[in-house]
Amino acid sequence: MSQEKRKRKKLWLLLLILSILLLGIAIGVAVFLFWPEEKINFYKPDATNPTTEQASDNTNELPSSEEVSTSSEPALAENPIDFDALQEVNSDIYAWINVPNTEIDYPIVQSPADKEENFYLRRNLSGNYEFRGTLYTQRLNAKDFSDPVTVIYGHDMLDGTMFGTLHYFRDKTFFAENELFYIYTPGHILTYKIVSAYKYDSRHILNSFDFSQEKVFQEYIDFMLSPQSMIAAVREGVTVTTDDRIVTLSTCIDYGLSRYLVQGVLIDDEPTA
């Protein structure tokens, strides 16, 4: 073979090899540009587009519907009063009252049927005679404060104990700045808004009014919001209806010839643990 032919053959082989290389490159580029995206993602996992295995793992981490339901329930408030301990001292204790910015922070009792109605008028929690007595309600009232009007009795003690500081509400400024009191029972915190405080006569409220009659109850509410007394304070802008529940704090005035009443309407009943 002549030298000229050998050169042409080498050139042809070189061109063939170069063509094959270029064809391979072209095929590779086409595969990269047009291969489906999900195939490429297999090589570059992305947190925003996880692989099937990753998605399965994340799904397993989600809470069950039962867990979601449980966690969405609000936790009950803690009751600050240990009624189990109190009732070990005296089973007649059924509630506790706190009137902020006074000395009134005491248990409330109610005597059972085998004791006289006003047993705690001059007796302490041990059942022994004590002039100051104990804060109490009569059996005319239910112990869940569901009655239209519940009356809590306490002595006006000169040393400020029992309901001695209830008379703070005779001061108009104090009345204006202190509008709430609280009653605790097993399982509940009851919040009352003080609507009026006034001097009243010596009538026994629960024996004098039949609050089961709506008309009678409405007349009592009207008087409570507009008492005919020179010693009176009424909170402005308060509406009370016969659907409301009222607690009356009652103590002596004028050496026991009259009563001083502080009356609150229930505005919140918070369940407790």
# chains A, B, ... in the order shown; residues from 1 in each chain; ligands from 1
>>> residues_around(residues="region 186-203 of chain A", least_positions_apart="4", cutoff="6 Å", atoms="only C-alpha atoms", output="mmCIF file with N, CA and C atoms, in the first residue's frame")
data_model
loop_
_atom_site.group_PDB
_atom_site.id
_atom_site.type_symbol
_atom_site.label_atom_id
_atom_site.label_comp_id
_atom_site.auth_asym_id
_atom_site.auth_seq_id
_atom_site.Cartn_x
_atom_site.Cartn_y
_atom_site.Cartn_z
ATOM 1 N N GLU A 179 -63.940 44.983 92.890
ATOM 2 C CA GLU A 179 -65.229 44.556 92.352
ATOM 3 C C GLU A 179 -65.437 43.048 92.318
ATOM 4 N N LEU A 180 -64.481 42.256 92.788
ATOM 5 C CA LEU A 180 -64.625 40.801 92.696
ATOM 6 C C LEU A 180 -64.429 40.123 94.053
ATOM 7 N N PHE A 181 -65.094 38.995 94.231
ATOM 8 C CA PHE A 181 -64.709 38.056 95.282
ATOM 9 C C PHE A 181 -64.840 36.642 94.730
ATOM 10 N N TYR A 182 -64.225 35.690 95.424
ATOM 11 C CA TYR A 182 -64.109 34.331 94.904
ATOM 12 C C TYR A 182 -64.601 33.326 95.940
ATOM 13 N N ILE A 231 -76.579 54.520 103.441
ATOM 14 C CA ILE A 231 -75.281 53.835 103.365
ATOM 15 C C ILE A 231 -75.376 52.839 102.225
ATOM 16 N N ALA A 232 -74.978 53.255 101.042
ATOM 17 C CA ALA A 232 -75.134 52.391 99.874
ATOM 18 C C ALA A 232 -74.124 52.751 98.799
ATOM 19 N N ALA A 233 -73.705 51.728 98.067
ATOM 20 C CA ALA A 233 -72.851 51.905 96.890
ATOM 21 C C ALA A 233 -73.321 50.904 95.843
ATOM 22 N N VAL A 234 -73.472 51.364 94.623
ATOM 23 C CA VAL A 234 -73.940 50.513 93.525
ATOM 24 C C VAL A 234 -72.999 50.679 92.341
ATOM 25 N N ARG A 235 -72.613 49.564 91.746
ATOM 26 C CA ARG A 235 -71.704 49.626 90.601
ATOM 27 C C ARG A 235 -72.487 50.000 89.346
ATOM 28 N N SER A 258 -79.509 46.117 112.530
ATOM 29 C CA SER A 258 -79.609 46.120 111.059
ATOM 30 C C SER A 258 -78.528 45.203 110.498
ATOM 31 N N ARG A 259 -78.568 45.030 109.184
ATOM 32 C CA ARG A 259 -77.563 44.208 108.508
ATOM 33 C C ARG A 259 -76.823 45.070 107.488
ATOM 34 N N TYR A 260 -75.559 44.705 107.257
ATOM 35 C CA TYR A 260 -74.811 45.315 106.166
ATOM 36 C C TYR A 260 -74.583 44.216 105.142
ATOM 37 N N LEU A 261 -75.010 44.441 103.889
ATOM 38 C CA LEU A 261 -74.963 43.432 102.838
ATOM 39 C C LEU A 261 -74.001 43.845 101.728
ATOM 40 N N VAL A 262 -73.181 42.908 101.304
ATOM 41 C CA VAL A 262 -72.374 43.072 100.097
ATOM 42 C C VAL A 262 -72.819 41.967 99.150
ATOM 43 N N GLN A 263 -73.289 42.366 97.951
ATOM 44 C CA GLN A 263 -73.911 41.389 97.064
ATOM 45 C C GLN A 263 -73.175 41.299 95.736
ATOM 46 N N GLY A 264 -72.905 40.063 95.338
ATOM 47 C CA GLY A 264 -72.191 39.819 94.090
ATOM 48 C C GLY A 264 -72.963 38.889 93.196
ATOM 49 N N VAL A 265 -72.791 39.062 91.895
ATOM 50 C CA VAL A 265 -73.450 38.199 90.910
ATOM 51 C C VAL A 265 -72.397 37.307 90.247
ATOM 52 N N LEU A 266 -72.737 36.043 90.055
ATOM 53 C CA LEU A 266 -71.798 35.085 89.470
ATOM 54 C C LEU A 266 -71.482 35.477 88.020
ATOM 55 N N ILE A 267 -70.182 35.599 87.723
ATOM 56 C CA ILE A 267 -69.780 35.929 86.349
ATOM 57 C C ILE A 267 -68.892 34.853 85.734
ATOM 58 N N ASP A 268 -68.402 33.900 86.558
ATOM 59 C CA ASP A 268 -67.562 32.845 85.992
ATOM 60 C C ASP A 268 -67.570 31.633 86.898
ATOM 61 N N ASP A 269 -67.651 30.465 86.296
ATOM 62 C CA ASP A 269 -67.576 29.185 87.010
ATOM 63 C C ASP A 269 -66.514 28.356 86.309
ATOM 64 N N GLU A 270 -65.319 28.331 86.897
ATOM 65 C CA GLU A 270 -64.170 27.659 86.263
ATOM 66 C C GLU A 270 -63.959 26.278 86.895
ATOM 67 N N PRO A 271 -64.058 25.213 86.078
ATOM 68 C CA PRO A 271 -63.777 23.883 86.613
ATOM 69 C C PRO A 271 -62.308 23.768 87.033
ATOM 70 N N THR A 272 -62.056 22.959 88.068
ATOM 71 C CA THR A 272 -60.680 22.766 88.535
ATOM 72 C C THR A 272 -60.354 21.288 88.622
#
>>> atom_distance(atom1="CA of Gln110 (chain A)", atom2="CA of Asp159 (chain A)")
24.1 Å
>>> select_by_dssp(residues="region 111-249 of chain A", states="strand (DSSP E)", output="short mmCIF file (atom, residue, chain, number, x, y, z; two decimals) with N, CA, C and O atoms, in the first residue's frame")
data_model
loop_
_atom_site.label_atom_id
_atom_site.label_comp_id
_atom_site.auth_asym_id
_atom_site.auth_seq_id
_atom_site.Cartn_x
_atom_site.Cartn_y
_atom_site.Cartn_z
N VAL A 149 -80.46 33.21 95.32
CA VAL A 149 -79.73 34.01 96.30
C VAL A 149 -79.20 33.10 97.39
O VAL A 149 -79.96 32.34 98.00
N THR A 150 -77.90 33.14 97.60
CA THR A 150 -77.27 32.43 98.70
C THR A 150 -76.76 33.46 99.70
O THR A 150 -76.13 34.45 99.31
N VAL A 151 -77.06 33.24 100.98
CA VAL A 151 -76.64 34.19 102.01
C VAL A 151 -75.57 33.54 102.88
O VAL A 151 -75.76 32.45 103.42
N ILE A 152 -74.42 34.24 102.99
CA ILE A 152 -73.33 33.78 103.86
C ILE A 152 -73.27 34.72 105.05
O ILE A 152 -73.19 35.95 104.89
N TYR A 153 -73.32 34.15 106.26
CA TYR A 153 -73.35 34.95 107.49
C TYR A 153 -71.97 34.96 108.15
O TYR A 153 -71.26 33.95 108.16
N LEU A 180 -64.48 42.26 92.79
CA LEU A 180 -64.62 40.80 92.70
C LEU A 180 -64.43 40.12 94.05
O LEU A 180 -63.69 40.62 94.90
N PHE A 181 -65.09 38.99 94.23
CA PHE A 181 -64.71 38.06 95.28
C PHE A 181 -64.84 36.64 94.73
O PHE A 181 -65.47 36.42 93.69
N TYR A 182 -64.23 35.69 95.42
CA TYR A 182 -64.11 34.33 94.90
C TYR A 182 -64.60 33.33 95.94
O TYR A 182 -64.34 33.46 97.14
N ILE A 183 -65.30 32.33 95.44
CA ILE A 183 -65.71 31.20 96.28
C ILE A 183 -65.18 29.93 95.63
O ILE A 183 -65.37 29.69 94.42
N TYR A 184 -64.49 29.13 96.44
CA TYR A 184 -63.92 27.87 95.97
C TYR A 184 -64.75 26.72 96.53
O TYR A 184 -65.12 26.72 97.71
N THR A 185 -65.05 25.76 95.67
CA THR A 185 -65.70 24.52 96.09
C THR A 185 -64.92 23.38 95.46
O THR A 185 -64.11 23.60 94.55
N HIS A 188 -64.44 23.57 91.58
CA HIS A 188 -64.88 24.83 90.97
C HIS A 188 -64.22 26.05 91.62
O HIS A 188 -63.95 26.04 92.82
N ILE A 189 -64.01 27.08 90.79
CA ILE A 189 -63.68 28.42 91.27
C ILE A 189 -64.79 29.33 90.76
O ILE A 189 -64.96 29.51 89.54
N LEU A 190 -65.56 29.89 91.67
CA LEU A 190 -66.68 30.76 91.32
C LEU A 190 -66.25 32.22 91.52
O LEU A 190 -65.77 32.58 92.59
N THR A 191 -66.43 33.01 90.49
CA THR A 191 -66.07 34.43 90.55
C THR A 191 -67.33 35.28 90.55
O THR A 191 -68.21 35.10 89.70
N TYR A 192 -67.39 36.20 91.52
CA TYR A 192 -68.56 37.07 91.65
C TYR A 192 -68.16 38.53 91.48
O TYR A 192 -67.12 38.95 92.00
N LYS A 193 -69.00 39.27 90.77
CA LYS A 193 -68.79 40.70 90.63
C LYS A 193 -69.69 41.42 91.63
O LYS A 193 -70.91 41.22 91.65
N ILE A 194 -69.07 42.23 92.47
CA ILE A 194 -69.82 42.95 93.50
C ILE A 194 -70.62 44.07 92.84
O ILE A 194 -70.06 44.95 92.18
N VAL A 195 -71.94 44.01 93.01
CA VAL A 195 -72.80 44.99 92.34
C VAL A 195 -73.35 46.04 93.30
O VAL A 195 -73.69 47.15 92.88
N SER A 196 -73.45 45.68 94.58
CA SER A 196 -73.97 46.67 95.53
C SER A 196 -73.54 46.32 96.95
O SER A 196 -73.23 45.17 97.26
N ALA A 197 -73.53 47.34 97.80
CA ALA A 197 -73.22 47.17 99.22
C ALA A 197 -74.02 48.22 99.97
O ALA A 197 -73.94 49.41 99.65
N TYR A 198 -74.81 47.79 100.97
CA TYR A 198 -75.72 48.75 101.59
C TYR A 198 -76.22 48.25 102.95
O TYR A 198 -76.17 47.06 103.27
N LYS A 199 -76.73 49.21 103.70
CA LYS A 199 -77.37 48.91 104.98
C LYS A 199 -78.79 48.43 104.71
O LYS A 199 -79.52 49.01 103.90
N TYR A 200 -79.16 47.35 105.41
CA TYR A 200 -80.47 46.74 105.20
C TYR A 200 -81.11 46.54 106.57
O TYR A 200 -80.44 46.65 107.61
N ALA A 232 -74.98 53.26 101.04
CA ALA A 232 -75.13 52.39 99.87
C ALA A 232 -74.12 52.75 98.80
O ALA A 232 -73.74 53.91 98.65
N ALA A 233 -73.71 51.73 98.07
CA ALA A 233 -72.85 51.91 96.89
C ALA A 233 -73.32 50.90 95.84
O ALA A 233 -73.56 49.73 96.16
N VAL A 234 -73.47 51.36 94.62
CA VAL A 234 -73.94 50.51 93.53
C VAL A 234 -73.00 50.68 92.34
O VAL A 234 -72.62 51.80 92.00
N ILE A 246 -76.90 35.03 92.71
CA ILE A 246 -76.39 36.08 93.59
C ILE A 246 -75.92 35.47 94.90
O ILE A 246 -76.55 34.57 95.44
N VAL A 247 -74.79 35.97 95.40
CA VAL A 247 -74.33 35.63 96.75
C VAL A 247 -74.34 36.91 97.57
O VAL A 247 -73.82 37.95 97.15
N THR A 248 -74.95 36.82 98.74
CA THR A 248 -75.05 37.95 99.66
C THR A 248 -74.19 37.69 100.89
O THR A 248 -74.37 36.66 101.56
N LEU A 249 -73.24 38.58 101.15
CA LEU A 249 -72.42 38.51 102.35
C LEU A 249 -73.10 39.40 103.39
O LEU A 249 -73.29 40.59 103.16
#
>>> residues_around(residues="Tyr220 (chain A)", least_positions_apart="3", cutoff="12 Å", atoms="only C-alpha atoms", output="list in words")
Pro148, Val149, Ile205, Leu206, Ser208, Phe209, Asp210, Phe211, Ser212, Gln213, Glu214, Lys215, Val216, Phe217, Phe223, Met224, Leu225, Ser226, Pro227, Val240, Thr241, Thr242, Ile246 and Gln263 of chain A
>>> atom_distance(atom1="CA of Thr137 (chain A)", atom2="CA of Glu78 (chain A)")
25.2 Å
>>> closest_residue(among="A:Ala95, A:Ile104, A:Ala113, A:Leu121", to="Pro80 (chain A)", atoms="only C-alpha atoms")
A:Ala95
>>> select_by_dssp(residues="region 119-201 of chain A", states="helix (DSSP H, G or I)", output="list in words")
Phe119, Tyr120, Leu121, Arg122, Gly164, Thr165, Leu166, His167, Tyr168, Phe169, Arg170, Lys172, Thr173, Phe174, Phe175, Ala176 and Glu177 of chain A
>>> write_last_selection(atoms="N, CA, C and O atoms", output="tab-separated table (two decimals), in the first residue's frame")
chain	number	residue	atom	x	y	z
A	119	PHE	N	-75.87	26.51	114.12
A	119	PHE	CA	-74.91	25.88	115.02
A	119	PHE	C	-73.59	26.65	115.09
A	119	PHE	O	-72.99	26.79	116.16
A	120	TYR	N	-73.13	27.18	113.94
A	120	TYR	CA	-71.81	27.82	113.88
A	120	TYR	C	-71.86	29.32	114.16
A	120	TYR	O	-70.85	29.99	114.01
A	121	LEU	N	-73.00	29.82	114.60
A	121	LEU	CA	-73.09	31.23	114.92
A	121	LEU	C	-72.07	31.64	115.98
A	121	LEU	O	-71.45	32.70	115.89
A	122	ARG	N	-71.88	30.78	116.97
A	122	ARG	CA	-70.91	31.04	118.05
A	122	ARG	C	-70.01	29.84	118.28
A	122	ARG	O	-69.56	29.58	119.40
A	164	GLY	N	-65.56	41.37	109.72
A	164	GLY	CA	-65.26	42.70	110.25
A	164	GLY	C	-64.82	43.67	109.18
A	164	GLY	O	-65.15	44.87	109.22
A	165	THR	N	-64.05	43.20	108.19
A	165	THR	CA	-63.56	44.11	107.15
A	165	THR	C	-64.51	44.22	105.97
A	165	THR	O	-64.20	44.88	104.98
A	166	LEU	N	-65.67	43.58	106.07
A	166	LEU	CA	-66.67	43.75	105.01
A	166	LEU	C	-67.10	45.21	104.91
A	166	LEU	O	-67.47	45.69	103.84
A	167	HIS	N	-66.99	45.92	106.04
A	167	HIS	CA	-67.38	47.33	106.06
A	167	HIS	C	-66.44	48.23	105.27
A	167	HIS	O	-66.74	49.42	105.08
A	168	TYR	N	-65.32	47.68	104.78
A	168	TYR	CA	-64.48	48.46	103.88
A	168	TYR	C	-65.28	48.98	102.68
A	168	TYR	O	-64.97	50.04	102.13
A	169	PHE	N	-66.29	48.22	102.28
A	169	PHE	CA	-67.06	48.57	101.08
A	169	PHE	C	-67.97	49.78	101.31
A	169	PHE	O	-68.58	50.27	100.37
A	170	ARG	N	-68.04	50.27	102.55
A	170	ARG	CA	-68.78	51.50	102.80
A	170	ARG	C	-68.04	52.70	102.22
A	170	ARG	O	-68.64	53.75	101.97
A	172	LYS	N	-66.60	54.59	99.30
A	172	LYS	CA	-66.93	54.58	97.87
A	172	LYS	C	-65.71	54.29	96.99
A	172	LYS	O	-65.83	53.62	95.96
A	173	THR	N	-64.56	54.79	97.40
A	173	THR	CA	-63.35	54.53	96.61
A	173	THR	C	-62.97	53.06	96.67
A	173	THR	O	-62.65	52.44	95.65
A	174	PHE	N	-63.02	52.49	97.88
A	174	PHE	CA	-62.72	51.07	98.01
A	174	PHE	C	-63.71	50.24	97.20
A	174	PHE	O	-63.32	49.29	96.51
A	175	PHE	N	-64.97	50.60	97.28
A	175	PHE	CA	-65.99	49.88	96.51
A	175	PHE	C	-65.69	49.93	95.02
A	175	PHE	O	-65.77	48.91	94.31
A	176	ALA	N	-65.33	51.10	94.53
A	176	ALA	CA	-65.06	51.27	93.10
A	176	ALA	C	-63.86	50.46	92.64
A	176	ALA	O	-63.84	49.94	91.52
A	177	GLU	N	-62.85	50.33	93.50
A	177	GLU	CA	-61.60	49.69	93.10
A	177	GLU	C	-61.56	48.20	93.36
A	177	GLU	O	-60.64	47.51	92.91
>>> closest_residue(among="A:Ser126, A:Asn178, A:Thr134, A:Thr251", to="Pro107 (chain A)", atoms="only C-alpha atoms")
A:Thr134
>>> atom_distance(atom1="CA of Arg132 (chain A)", atom2="CA of Met162 (chain A)")
7.1 Å
